[in-house]
$ cat final-v3.txt   # compact mmCIF, C-alpha atoms
# COMPACT_ATOMS: atom_id res chain seq x y z
CA MET A 215 177.13 125.55 81.05
CA LYS A 216 178.99 127.02 78.09
CA LEU A 217 178.78 126.00 74.44
CA GLU A 218 178.66 127.04 70.80
CA CYS A 219 176.47 125.74 67.96
CA LYS A 220 175.01 126.83 64.63
CA ILE A 221 171.80 128.86 64.71
CA GLU A 222 170.33 126.78 61.88
CA GLU A 223 171.08 123.61 63.91
CA ILE A 224 169.21 124.75 67.00
CA LYS A 225 166.46 127.07 65.74
CA ASN A 226 163.94 124.51 64.43
CA LYS A 227 164.75 122.07 67.23
CA ILE A 228 163.81 124.67 69.83
CA SER A 229 160.52 125.25 67.99
CA GLN A 230 159.76 121.50 68.01
CA THR A 231 160.63 121.21 71.68
CA GLU A 232 158.63 124.26 72.72
CA ARG A 233 155.43 122.83 71.23
CA VAL A 234 155.53 120.00 73.77
CA THR A 235 155.93 122.26 76.81
CA GLY A 236 153.00 122.19 79.23
CA LYS A 237 150.75 125.17 79.83
CA ASN A 238 150.37 124.32 83.50
CA LEU A 239 149.98 127.14 86.02
CA SER A 240 150.33 124.84 89.03
CA LEU A 241 153.58 123.37 87.67
CA PRO A 242 155.37 126.32 86.02
CA VAL A 243 158.49 124.23 85.38
CA LEU A 244 156.52 122.45 82.61
CA ASN A 245 156.53 125.71 80.68
CA SER A 246 160.28 125.47 80.32
CA ILE A 247 162.79 123.78 78.05
CA LEU A 248 165.59 121.98 79.85
CA LEU A 249 169.02 122.50 78.26
CA VAL A 250 171.54 119.76 79.04
CA ALA A 251 175.10 120.33 77.77
CA SER A 252 177.38 117.31 77.95
CA GLY A 253 180.01 115.56 75.82
CA LYS A 254 179.73 116.87 72.30
CA SER A 255 176.04 117.77 72.27
CA LEU A 256 173.26 119.91 73.65
CA LYS A 257 170.02 118.11 74.56
CA LEU A 258 166.71 119.98 74.56
CA ARG A 259 163.97 118.46 76.71
CA SER A 260 160.35 119.35 77.34
CA THR A 261 157.23 117.60 78.58
CA ASN A 262 153.57 118.21 79.38
CA LEU A 263 153.44 114.92 81.36
CA SER A 264 151.42 113.24 78.60
CA LEU A 265 154.06 113.78 75.93
CA GLY A 266 157.80 114.21 76.29
CA ILE A 267 160.58 114.98 73.83
CA GLU A 268 164.36 115.08 73.81
CA ILE A 269 166.29 116.40 70.81
CA GLU A 270 170.07 116.21 70.55
CA ILE A 271 172.14 118.83 68.72
CA LEU A 272 175.85 118.72 67.92
CA ALA A 273 177.64 121.44 69.84
CA LYS A 274 181.09 122.54 70.93
CA VAL A 275 180.72 122.18 74.69
CA GLU A 276 183.30 124.05 76.78
CA GLN A 277 181.54 123.54 80.09
CA GLU A 278 178.85 120.99 80.89
CA GLY A 279 175.73 122.01 82.73
CA VAL A 280 171.93 122.00 83.02
CA LEU A 281 169.60 124.98 82.76
CA ALA A 282 165.83 125.47 82.41
CA VAL A 283 164.44 128.52 80.58
CA PRO A 284 160.90 129.52 79.54
CA GLY A 285 160.13 127.70 76.29
CA VAL A 286 158.05 130.45 74.68
CA VAL A 287 160.66 133.14 75.33
CA LEU A 288 163.51 130.95 74.06
CA ASN A 289 161.57 130.02 70.91
CA ASN A 290 160.53 133.61 70.18
CA THR A 291 164.14 134.74 70.63
CA PHE A 292 165.58 132.25 68.14
CA ALA A 293 162.68 132.78 65.71
CA ASN A 294 164.06 136.27 65.17
CA PHE A 295 167.61 135.14 64.36
CA PHE A 296 167.74 135.06 60.56
CA GLN A 297 171.46 134.96 59.97
CA ASN A 298 173.28 131.64 59.64
CA GLU A 299 176.09 131.91 62.13
CA THR A 300 177.38 130.53 65.40
CA VAL A 301 175.50 131.25 68.61
CA LYS A 302 177.07 131.08 72.06
CA LEU A 303 175.05 129.89 75.04
CA GLU A 304 176.27 130.28 78.60
CA GLY A 305 174.70 129.70 81.97
CA ILE A 306 175.49 132.51 84.41
CA GLU A 307 174.01 132.53 87.92
CA GLY A 308 170.98 130.51 86.83
CA ASN A 309 170.31 132.63 83.75
CA LEU A 310 171.03 131.98 80.07
CA LEU A 311 173.28 134.33 78.11
CA ILE A 312 172.75 134.14 74.34
CA GLN A 313 175.31 135.83 72.09
CA THR A 314 175.49 136.26 68.32
CA LYS A 315 177.58 138.74 66.30
CA LYS A 316 174.90 141.40 66.67
CA SER A 317 172.90 140.42 69.75
CA LYS A 318 173.51 139.81 73.44
CA ILE A 319 170.49 138.51 75.33
CA LYS A 320 169.98 137.34 78.90
CA LEU A 321 167.04 135.04 79.68
CA LYS A 322 166.00 134.48 83.24
CA GLY A 323 166.33 130.83 84.14
CA GLN A 324 163.92 128.70 86.14
CA PRO A 325 164.64 126.15 88.89
CA ASN A 326 165.33 122.86 87.11
CA GLU A 327 165.30 120.56 90.14
CA ASP A 328 161.58 119.86 89.71
CA PHE A 329 161.78 119.23 85.96
CA PRO A 330 160.20 115.80 85.31
CA THR A 331 162.33 113.07 83.79
CA ILE A 332 161.54 111.97 80.25
CA PRO A 333 160.73 108.25 80.73
CA ARG A 334 162.80 105.72 78.80
CA VAL A 335 160.34 103.10 77.63
CA VAL A 336 161.46 99.53 78.25
CA GLY A 337 159.57 96.62 76.70
CA GLU A 338 158.78 95.22 73.27
CA SER A 339 160.16 97.06 70.25
CA PHE A 340 160.16 97.14 66.46
CA ASP A 341 161.63 99.20 63.63
CA ILE A 342 159.45 100.94 61.06
CA GLU A 343 160.12 103.30 58.18
CA ALA A 344 159.07 106.81 59.17
CA LYS A 345 157.04 107.13 55.97
CA LYS A 346 155.01 104.02 56.83
CA LEU A 347 154.36 105.18 60.39
CA ILE A 348 153.27 108.64 59.30
CA ASP A 349 151.15 107.23 56.46
CA GLY A 350 149.42 104.86 58.86
CA ILE A 351 148.61 107.58 61.38
CA LYS A 352 147.59 110.16 58.77
CA SER A 353 145.24 107.68 57.10
CA VAL A 354 143.07 107.33 60.20
CA TYR A 355 143.62 109.95 62.91
CA TYR A 356 140.97 112.38 61.61
CA SER A 357 138.28 109.81 62.50
CA ALA A 358 139.14 109.82 66.20
CA SER A 359 136.84 111.51 68.68
CA ILE A 360 138.09 114.91 69.79
CA SER A 361 136.22 114.61 73.10
CA ASP A 362 137.90 113.06 76.14
CA ILE A 363 134.60 111.73 77.52
CA LYS A 364 135.45 108.31 76.07
CA PRO A 365 139.27 108.31 76.01
CA GLU A 366 139.44 104.89 74.33
CA ILE A 367 137.97 106.37 71.11
CA SER A 368 139.79 109.69 71.49
CA SER A 369 142.86 107.85 70.26
CA VAL A 370 144.61 106.04 67.44
CA PHE A 371 144.53 102.28 68.05
CA LEU A 372 147.50 100.12 66.96
CA TYR A 373 147.64 96.33 66.82
CA THR A 374 149.21 93.62 64.70
CA TYR A 375 147.42 91.33 62.27
CA GLU A 376 149.53 88.79 60.39
CA ASP A 377 152.45 90.86 59.03
CA ASN A 378 150.56 94.16 59.23
CA LEU A 379 150.64 96.98 61.72
CA VAL A 380 147.00 98.11 61.79
CA PHE A 381 145.98 101.69 62.59
CA VAL A 382 142.34 102.39 63.52
CA SER A 383 140.31 105.30 64.82
CA THR A 384 136.63 106.02 65.27
CA ASP A 385 134.33 108.59 66.84
CA SER A 386 131.36 106.14 66.64
CA PHE A 387 129.95 107.97 63.57
CA ARG A 388 132.72 106.88 61.20
CA LEU A 389 135.75 104.60 61.30
CA ALA A 390 139.06 104.43 59.41
CA GLU A 391 141.39 101.43 59.22
CA LYS A 392 144.83 101.33 57.57
CA LYS A 393 147.05 98.24 57.29
CA VAL A 394 150.79 98.76 56.84
CA LYS A 395 153.14 95.87 56.11
CA VAL A 396 156.10 95.82 58.49
CA LYS A 397 158.70 93.07 58.81
CA GLY A 398 159.65 91.63 62.18
CA LEU A 399 156.67 92.85 64.18
CA PRO A 400 156.15 91.53 67.70
CA GLU A 401 152.61 90.65 68.70
CA ILE A 402 150.76 93.81 69.69
CA GLY A 403 147.39 93.21 71.34
CA GLY A 404 146.50 96.89 71.28
CA ILE A 405 148.03 100.32 71.96
CA LEU A 406 145.89 103.42 72.39
CA ILE A 407 147.79 106.65 71.61
CA PRO A 408 145.91 109.77 72.80
CA PHE A 409 144.50 111.85 69.96
CA LYS A 410 145.89 115.08 71.45
CA ASN A 411 149.43 113.69 71.12
CA ILE A 412 149.06 112.56 67.50
CA SER A 413 149.60 115.97 65.91
CA GLU A 414 153.03 116.31 67.55
CA ILE A 415 154.10 112.83 66.44
CA LEU A 416 153.15 113.79 62.89
CA ARG A 417 154.89 117.14 63.12
CA VAL A 418 158.13 115.82 64.63
CA PHE A 419 158.58 112.90 62.23
CA GLY A 420 156.59 114.14 59.22
CA ASP A 421 159.68 115.10 57.18
CA PHE A 422 161.95 112.33 58.47
CA ASN A 423 162.90 109.65 55.92
CA GLY A 424 164.80 107.17 58.05
CA ILE A 425 163.95 104.32 60.39
CA ILE A 426 162.07 104.92 63.64
CA LYS A 427 162.58 102.65 66.62
CA VAL A 428 159.35 102.06 68.54
CA PHE A 429 159.29 100.81 72.12
CA PHE A 430 156.04 100.13 73.94
CA SER A 431 154.91 99.03 77.36
CA LYS A 432 151.63 99.02 79.29
CA ASN A 433 151.78 102.75 80.04
CA GLN A 434 154.10 104.33 77.46
CA ILE A 435 155.15 104.26 73.82
CA SER A 436 158.27 105.92 72.42
CA PHE A 437 159.48 106.84 68.93
CA SER A 438 163.15 107.54 68.35
CA SER A 439 165.52 108.37 65.51
CA GLU A 440 169.22 109.27 65.65
CA ASP A 441 168.70 112.60 67.39
CA ILE A 442 165.03 112.68 68.47
CA TYR A 443 163.33 110.77 71.28
CA LEU A 444 159.56 111.25 71.67
CA THR A 445 157.47 109.46 74.26
CA SER A 446 153.71 109.43 74.78
CA ARG A 447 151.54 108.01 77.49
CA VAL A 448 149.18 105.19 76.47
CA ILE A 449 145.48 105.19 77.32
CA ASP A 450 144.40 102.45 79.70
CA GLY A 451 141.21 101.25 78.04
CA VAL A 452 139.63 98.83 75.59
CA PHE A 453 139.05 99.85 71.98
CA PRO A 454 135.65 98.76 70.60
CA ASP A 455 135.60 95.47 68.67
CA TYR A 456 135.06 97.39 65.45
CA ARG A 457 135.39 94.36 63.18
CA GLN A 458 131.92 93.31 64.29
CA ILE A 459 130.36 96.32 62.54
CA ILE A 460 132.17 95.94 59.22
CA PRO A 461 129.66 94.17 56.94
CA LYS A 462 130.95 90.83 55.67
CA ASN A 463 128.88 91.10 52.47
CA SER A 464 127.21 93.86 50.50
CA THR A 465 123.97 94.08 48.52
CA THR A 466 124.95 97.16 46.49
CA GLU A 467 128.27 98.30 45.06
CA ALA A 468 129.28 101.36 43.05
CA VAL A 469 132.69 102.03 41.53
CA ILE A 470 133.24 105.71 40.79
CA LEU A 471 136.01 108.14 39.89
CA LYS A 472 137.38 109.84 42.99
CA GLN A 473 137.57 113.32 41.45
CA ASP A 474 134.00 113.16 40.11
CA LEU A 475 132.69 112.21 43.54
CA LEU A 476 134.79 114.85 45.28
CA ASN A 477 133.43 117.58 43.00
CA ALA A 478 129.85 116.40 43.51
CA LEU A 479 130.26 116.35 47.29
CA LYS A 480 131.62 119.88 47.30
CA LEU A 481 128.63 121.00 45.23
CA SER A 482 126.21 119.19 47.54
CA ASN A 483 127.85 120.88 50.50
CA ILE A 484 126.64 124.29 49.31
CA PHE A 485 123.01 123.19 49.66
CA SER A 486 123.28 120.87 52.68
CA ASP A 487 121.31 121.54 55.86
CA LYS A 488 122.59 122.37 59.35
CA PHE A 489 123.29 118.67 59.91
CA ASN A 490 125.57 118.54 56.81
CA GLN A 491 123.31 115.87 55.36
CA VAL A 492 123.66 114.71 51.77
CA ASP A 493 121.36 112.03 50.38
CA LEU A 494 122.56 109.17 48.20
CA LYS A 495 120.30 107.28 45.81
CA ILE A 496 121.53 104.25 43.86
CA ILE A 497 119.27 102.51 41.32
CA PRO A 498 121.32 99.84 39.48
CA LYS A 499 118.64 98.99 36.91
CA GLU A 500 118.46 102.60 35.76
CA LYS A 501 122.22 103.16 36.22
CA VAL A 502 121.53 106.02 38.60
CA PHE A 503 124.06 107.21 41.18
CA GLN A 504 122.67 110.46 42.58
CA LEU A 505 123.72 112.85 45.31
CA SER A 506 121.21 115.43 46.51
CA SER A 507 120.97 118.06 49.21
CA SER A 508 118.53 120.76 50.18
CA ASN A 509 118.42 123.78 52.42
CA ASN A 510 115.23 125.78 53.03
CA ASP A 511 117.16 129.05 53.08
CA ILE A 512 119.32 128.45 49.99
CA GLY A 513 117.83 125.91 47.62
CA GLU A 514 118.47 122.36 46.51
CA ASN A 515 120.84 120.34 44.35
CA LYS A 516 120.76 116.99 42.56
CA THR A 517 123.85 115.60 40.84
CA VAL A 518 123.96 112.34 38.87
CA LEU A 519 127.38 110.72 38.39
CA ASP A 520 128.73 108.05 36.07
CA ALA A 521 129.38 104.88 38.04
CA ALA A 522 129.60 101.12 37.57
CA ILE A 523 126.71 99.89 39.74
CA THR A 524 125.62 96.39 40.76
CA GLY A 525 123.12 94.98 43.23
CA GLU A 526 119.96 96.39 44.80
CA SER A 527 118.52 99.89 44.92
CA VAL A 528 119.21 101.86 48.07
CA GLU A 529 118.66 105.34 49.53
CA LEU A 530 120.25 106.89 52.62
CA GLY A 531 121.64 110.09 54.07
CA PHE A 532 125.14 110.77 55.40
CA ASN A 533 127.26 113.59 56.75
CA TYR A 534 129.22 114.90 53.77
CA LYS A 535 132.09 116.10 56.00
CA TYR A 536 132.81 112.53 57.03
CA PHE A 537 133.01 111.49 53.38
CA LEU A 538 135.31 114.37 52.43
CA ASP A 539 137.76 113.48 55.20
CA CYS A 540 138.61 110.08 53.76
CA PHE A 541 139.78 111.42 50.38
CA GLN A 542 143.17 112.27 51.89
CA SER A 543 143.68 108.53 52.50
CA ILE A 544 142.69 107.36 49.02
CA THR A 545 145.53 107.55 46.50
CA THR A 546 143.86 105.66 43.64
CA ASP A 547 141.82 107.30 40.87
CA SER A 548 138.70 105.24 41.62
CA LEU A 549 137.00 104.05 44.77
CA SER A 550 134.40 101.48 45.72
CA ILE A 551 131.27 102.21 47.74
CA LYS A 552 129.53 99.17 49.23
CA LEU A 553 126.22 99.11 51.07
CA SER A 554 124.06 96.49 52.74
CA GLY A 555 120.80 98.45 52.92
CA SER A 556 119.81 101.91 54.15
CA GLY A 557 120.51 101.11 57.82
CA SER A 558 124.01 99.69 57.38
CA PRO A 559 127.32 101.56 57.19
CA ILE A 560 128.69 102.90 53.93
CA VAL A 561 131.96 101.04 53.28
CA ILE A 562 134.49 102.96 51.18
CA SER A 563 137.78 101.58 49.88
CA PRO A 564 140.25 102.42 47.09
CA ILE A 565 140.11 100.24 43.99
CA SER A 566 142.96 97.69 43.93
CA ASP A 567 144.12 98.74 47.41
CA THR A 568 142.95 96.57 50.29
CA SER A 569 145.04 98.36 52.90
CA PHE A 570 142.48 101.11 53.64
CA THR A 571 138.85 100.77 54.71
CA TYR A 572 136.51 103.56 55.77
CA LEU A 573 133.02 103.33 57.27
CA ILE A 574 130.37 106.03 57.59
CA MET A 575 127.20 105.45 59.61
CA PRO A 576 124.05 106.56 57.77
CA MET A 577 121.86 109.35 59.08
CA ASN A 578 118.16 110.02 58.65
CA ARG A 579 116.18 113.19 58.94
$ encode --input "final-v3.txt" --output "structure tokens"
Amino acid sequence: MKLECKIEEIKNKISQTERVTGKNLSLPVLNSILLVASGKSLKLRSTNLSLGIEIEILAKVEQEGVLAVPGVVLNNTFANFFQNETVKLEGIEGNLLIQTKKSKIKLKGQPNEDFPTIPRVVGESFDIEAKKLIDGIKSVYYSASISDIKPEISSVFLYTYEDNLVFVSTDSFRLAEKKVKVKGLPEIGGILIPFKNISEILRVFGDFNGIIKVFFSKNQISFSSEDIYLTSRVIDGVFPDYRQIIPKNSTTEAVILKQDLLNALKLSNIFSDKFNQVDLKIIPKEKVFQLSSSNNDIGENKTVLDAAITGESVELGFNYKYFLDCFQSITTDSLSIKLSGSGSPIVISPISDTSFTYLIMPMNR
């Protein structure tokens, strides 16, 4: 293998690839990045068996070849190249020689025969704007369970409804749903993407503005652009029928400014107990919307907010952290809070935006 390419072309791509390498002591080859030089490009590949990535970089290839090198060492090496110039890469006796104007480095290679293949997903497919995909995932992923005990809820769930691609996640204490309109969608009964793979999908495509091609099958889903191919395993499980717990009607509704509520929640947080509980009291007849919290070691707080309130009086407690999380998904200035009694979920949605719905289960002392 022998090639030349620009440092700025390869530096960030190595960083992205290295993040997907496995930290597996029994399979040390997963710690490596596979370099494949062919045609007019260099391909960087890595996998942890749950997630795999291939990134293609334009290069002047003099000699084709394949070489595996430790991902961390390769990434740390290029992280310290600050000049924008050409770098030469050459495979010599199983090792990688890296040359710039001022540096000459030899990295010990690793046997690449056991390097797993990055699966090419074959099945149904659709195109989606990267912005829509990232927005859909970002709107809900924080509600997924971080525990693998129930893998079906330690995931982001995707399915189609009419002309929408629907993203859902829940940890059984709260639930987030985001609907994104996408043309030409095939019917998707349900895809469960592991939560631990979500952060890399967001990181790889977070700044991409083009179209992403999505392929999915029973066991895998892939996301690809012109030079990036990312594949994730799919969880074999059944997502809860969450629509059964979304109240069809409400007995109390409050419309409130997002910033006012955010400030009040942050204030309540100071005085909340070890369970992060904040109490909500709504009395429509007296036009009272009150948040309160108390802590035996610190003190107590009561904050009354201006809100448009209708319906019946209600009191309940909730985990303020769950409420704070959803603000990143609400882009409007005002939001609606609907309740159906003290034992039912709090339903939160942006005003004049039906694409996002968020539920928080109440808590009692």
$ closest_residue --input "final-v3.txt" --among "A:Met575, A:Val286, A:Ala344, A:Val234" --to "Pro461 of chain A" --atoms "only C-alpha atoms"
A:Met575
$ closest_residue --input "final-v3.txt" --among "A:Ser229, A:Asn326, A:Thr261, A:Ser339" --to "Ala282 of chain A" --atoms "all atoms listed in the file"
A:Asn326
$ residues_near_point --input "final-v3.txt" --point "(119.4, 99.0, 36.5)" --cutoff "10 Å" --atoms "all atoms listed in the file" --output "PyMOL selection string"
chain A and resi 496-502+523-527
$ write_last_selection --input "final-v3.txt" --atoms "C-alpha atoms" --output "PDB file, in the coordinates of the input"
ATOM      1  CA  ILE A 496     121.530 104.250  43.860  1.00  0.00           C
ATOM      2  CA  ILE A 497     119.270 102.510  41.320  1.00  0.00           C
ATOM      3  CA  PRO A 498     121.320  99.840  39.480  1.00  0.00           C
ATOM      4  CA  LYS A 499     118.640  98.990  36.910  1.00  0.00           C
ATOM      5  CA  GLU A 500     118.460 102.600  35.760  1.00  0.00           C
ATOM      6  CA  LYS A 501     122.220 103.160  36.220  1.00  0.00           C
ATOM      7  CA  VAL A 502     121.530 106.020  38.600  1.00  0.00           C
ATOM      8  CA  ILE A 523     126.710  99.890  39.740  1.00  0.00           C
ATOM      9  CA  THR A 524     125.620  96.390  40.760  1.00  0.00           C
ATOM     10  CA  GLY A 525     123.120  94.980  43.230  1.00  0.00           C
ATOM     11  CA  GLU A 526     119.960  96.390  44.800  1.00  0.00           C
ATOM     12  CA  SER A 527     118.520  99.890  44.920  1.00  0.00           C
TER      13      SER A 527
END
$ atom_distance --input "final-v3.txt" --atom1 "atom CA of Thr300 of chain A" --atom2 "atom CA of Glu218 of chain A"
6.6 Å
$ residues_around --input "final-v3.txt" --residues "Val396 of chain A" --least-positions-apart "2" --cutoff "7 Å" --atoms "only C-alpha atoms" --output "list in words"
Ile342, Asp377, Asn378, Leu379, Val394, Gly398 and Leu399 of chain A
$ residues_near_point --input "final-v3.txt" --point "(176.5, 117.3, 71.0)" --cutoff "9 Å" --atoms "all atoms listed in the file" --output "PyMOL selection string"
chain A and resi 219+251-257+270-275
$ closest_residue --input "final-v3.txt" --among "A:Leu573, A:Gly266, A:Ser240, A:Gln313" --to "Ile221 of chain A" --atoms "all atoms listed in the file"
A:Gln313
$ residues_around --input "final-v3.txt" --residues "Phe419 of chain A" --least-positions-apart "4" --cutoff "12 Å" --atoms "all atoms listed in the file" --output "short mmCIF file (atom, residue, chain, number, x, y, z; two decimals) with C-alpha atoms, in the coordinates of the input"
data_model
loop_
_atom_site.label_atom_id
_atom_site.label_comp_id
_atom_site.auth_asym_id
_atom_site.auth_seq_id
_atom_site.Cartn_x
_atom_site.Cartn_y
_atom_site.Cartn_z
CA GLN A 230 159.76 121.50 68.01
CA ILE A 267 160.58 114.98 73.83
CA GLU A 343 160.12 103.30 58.18
CA ALA A 344 159.07 106.81 59.17
CA LYS A 345 157.04 107.13 55.97
CA LYS A 346 155.01 104.02 56.83
CA LEU A 347 154.36 105.18 60.39
CA ILE A 348 153.27 108.64 59.30
CA ASP A 349 151.15 107.23 56.46
CA ILE A 351 148.61 107.58 61.38
CA LYS A 352 147.59 110.16 58.77
CA ILE A 412 149.06 112.56 67.50
CA SER A 413 149.60 115.97 65.91
CA GLU A 414 153.03 116.31 67.55
CA ILE A 415 154.10 112.83 66.44
CA ASN A 423 162.90 109.65 55.92
CA GLY A 424 164.80 107.17 58.05
CA ILE A 425 163.95 104.32 60.39
CA ILE A 426 162.07 104.92 63.64
CA LYS A 427 162.58 102.65 66.62
CA PHE A 437 159.48 106.84 68.93
CA SER A 438 163.15 107.54 68.35
CA SER A 439 165.52 108.37 65.51
CA GLU A 440 169.22 109.27 65.65
CA ASP A 441 168.70 112.60 67.39
CA ILE A 442 165.03 112.68 68.47
CA TYR A 443 163.33 110.77 71.28
CA LEU A 444 159.56 111.25 71.67
#
$ closest_residue --input "final-v3.txt" --among "A:Ser554, A:Ser368, A:Met215, A:Thr231" --to "Ser464 of chain A" --atoms "only C-alpha atoms"
A:Ser554
$ closest_residue --input "final-v3.txt" --among "A:Val336, A:Val492, A:Val382, A:Ile565" --to "Phe430 of chain A" --atoms "only C-alpha atoms"
A:Val336
$ atom_distance --input "final-v3.txt" --atom1 "atom CA of Lys480 of chain A" --atom2 "atom CA of Ile459 of chain A"
28.1 Å
$ decode --input "final-v3.txt" --residues "segment 346-357 of chain A" --atoms "N, CA and C atoms" --output "mmCIF file, in the first residue's frame"
data_model
loop_
_atom_site.group_PDB
_atom_site.id
_atom_site.type_symbol
_atom_site.label_atom_id
_atom_site.label_comp_id
_atom_site.auth_asym_id
_atom_site.auth_seq_id
_atom_site.Cartn_x
_atom_site.Cartn_y
_atom_site.Cartn_z
ATOM 1 N N LYS A 346 -33.572 16.151 8.806
ATOM 2 C CA LYS A 346 -34.798 15.542 9.335
ATOM 3 C C LYS A 346 -34.488 14.303 10.177
ATOM 4 N N LEU A 347 -33.540 13.495 9.707
ATOM 5 C CA LEU A 347 -33.163 12.305 10.458
ATOM 6 C C LEU A 347 -32.573 12.678 11.808
ATOM 7 N N ILE A 348 -31.653 13.627 11.801
ATOM 8 C CA ILE A 348 -31.002 14.041 13.043
ATOM 9 C C ILE A 348 -32.008 14.696 13.983
ATOM 10 N N ASP A 349 -32.897 15.523 13.432
ATOM 11 C CA ASP A 349 -33.918 16.182 14.246
ATOM 12 C C ASP A 349 -34.830 15.145 14.898
ATOM 13 N N GLY A 350 -35.222 14.128 14.127
ATOM 14 C CA GLY A 350 -36.082 13.088 14.667
ATOM 15 C C GLY A 350 -35.430 12.333 15.804
ATOM 16 N N ILE A 351 -34.174 11.949 15.620
ATOM 17 C CA ILE A 351 -33.462 11.212 16.664
ATOM 18 C C ILE A 351 -33.217 12.083 17.887
ATOM 19 N N LYS A 352 -32.735 13.318 17.646
ATOM 20 C CA LYS A 352 -32.425 14.210 18.771
ATOM 21 C C LYS A 352 -33.652 14.541 19.612
ATOM 22 N N SER A 353 -34.820 14.564 18.977
ATOM 23 C CA SER A 353 -36.044 14.939 19.677
ATOM 24 C C SER A 353 -36.488 13.902 20.698
ATOM 25 N N VAL A 354 -35.974 12.661 20.571
ATOM 26 C CA VAL A 354 -36.508 11.598 21.436
ATOM 27 C C VAL A 354 -35.468 10.764 22.172
ATOM 28 N N TYR A 355 -34.233 10.713 21.692
ATOM 29 C CA TYR A 355 -33.309 9.680 22.186
ATOM 30 C C TYR A 355 -33.012 9.780 23.678
ATOM 31 N N TYR A 356 -33.088 10.980 24.245
ATOM 32 C CA TYR A 356 -32.787 11.179 25.663
ATOM 33 C C TYR A 356 -33.791 10.481 26.584
ATOM 34 N N SER A 357 -34.944 10.068 26.025
ATOM 35 C CA SER A 357 -35.954 9.383 26.833
ATOM 36 C C SER A 357 -35.760 7.879 26.884
#
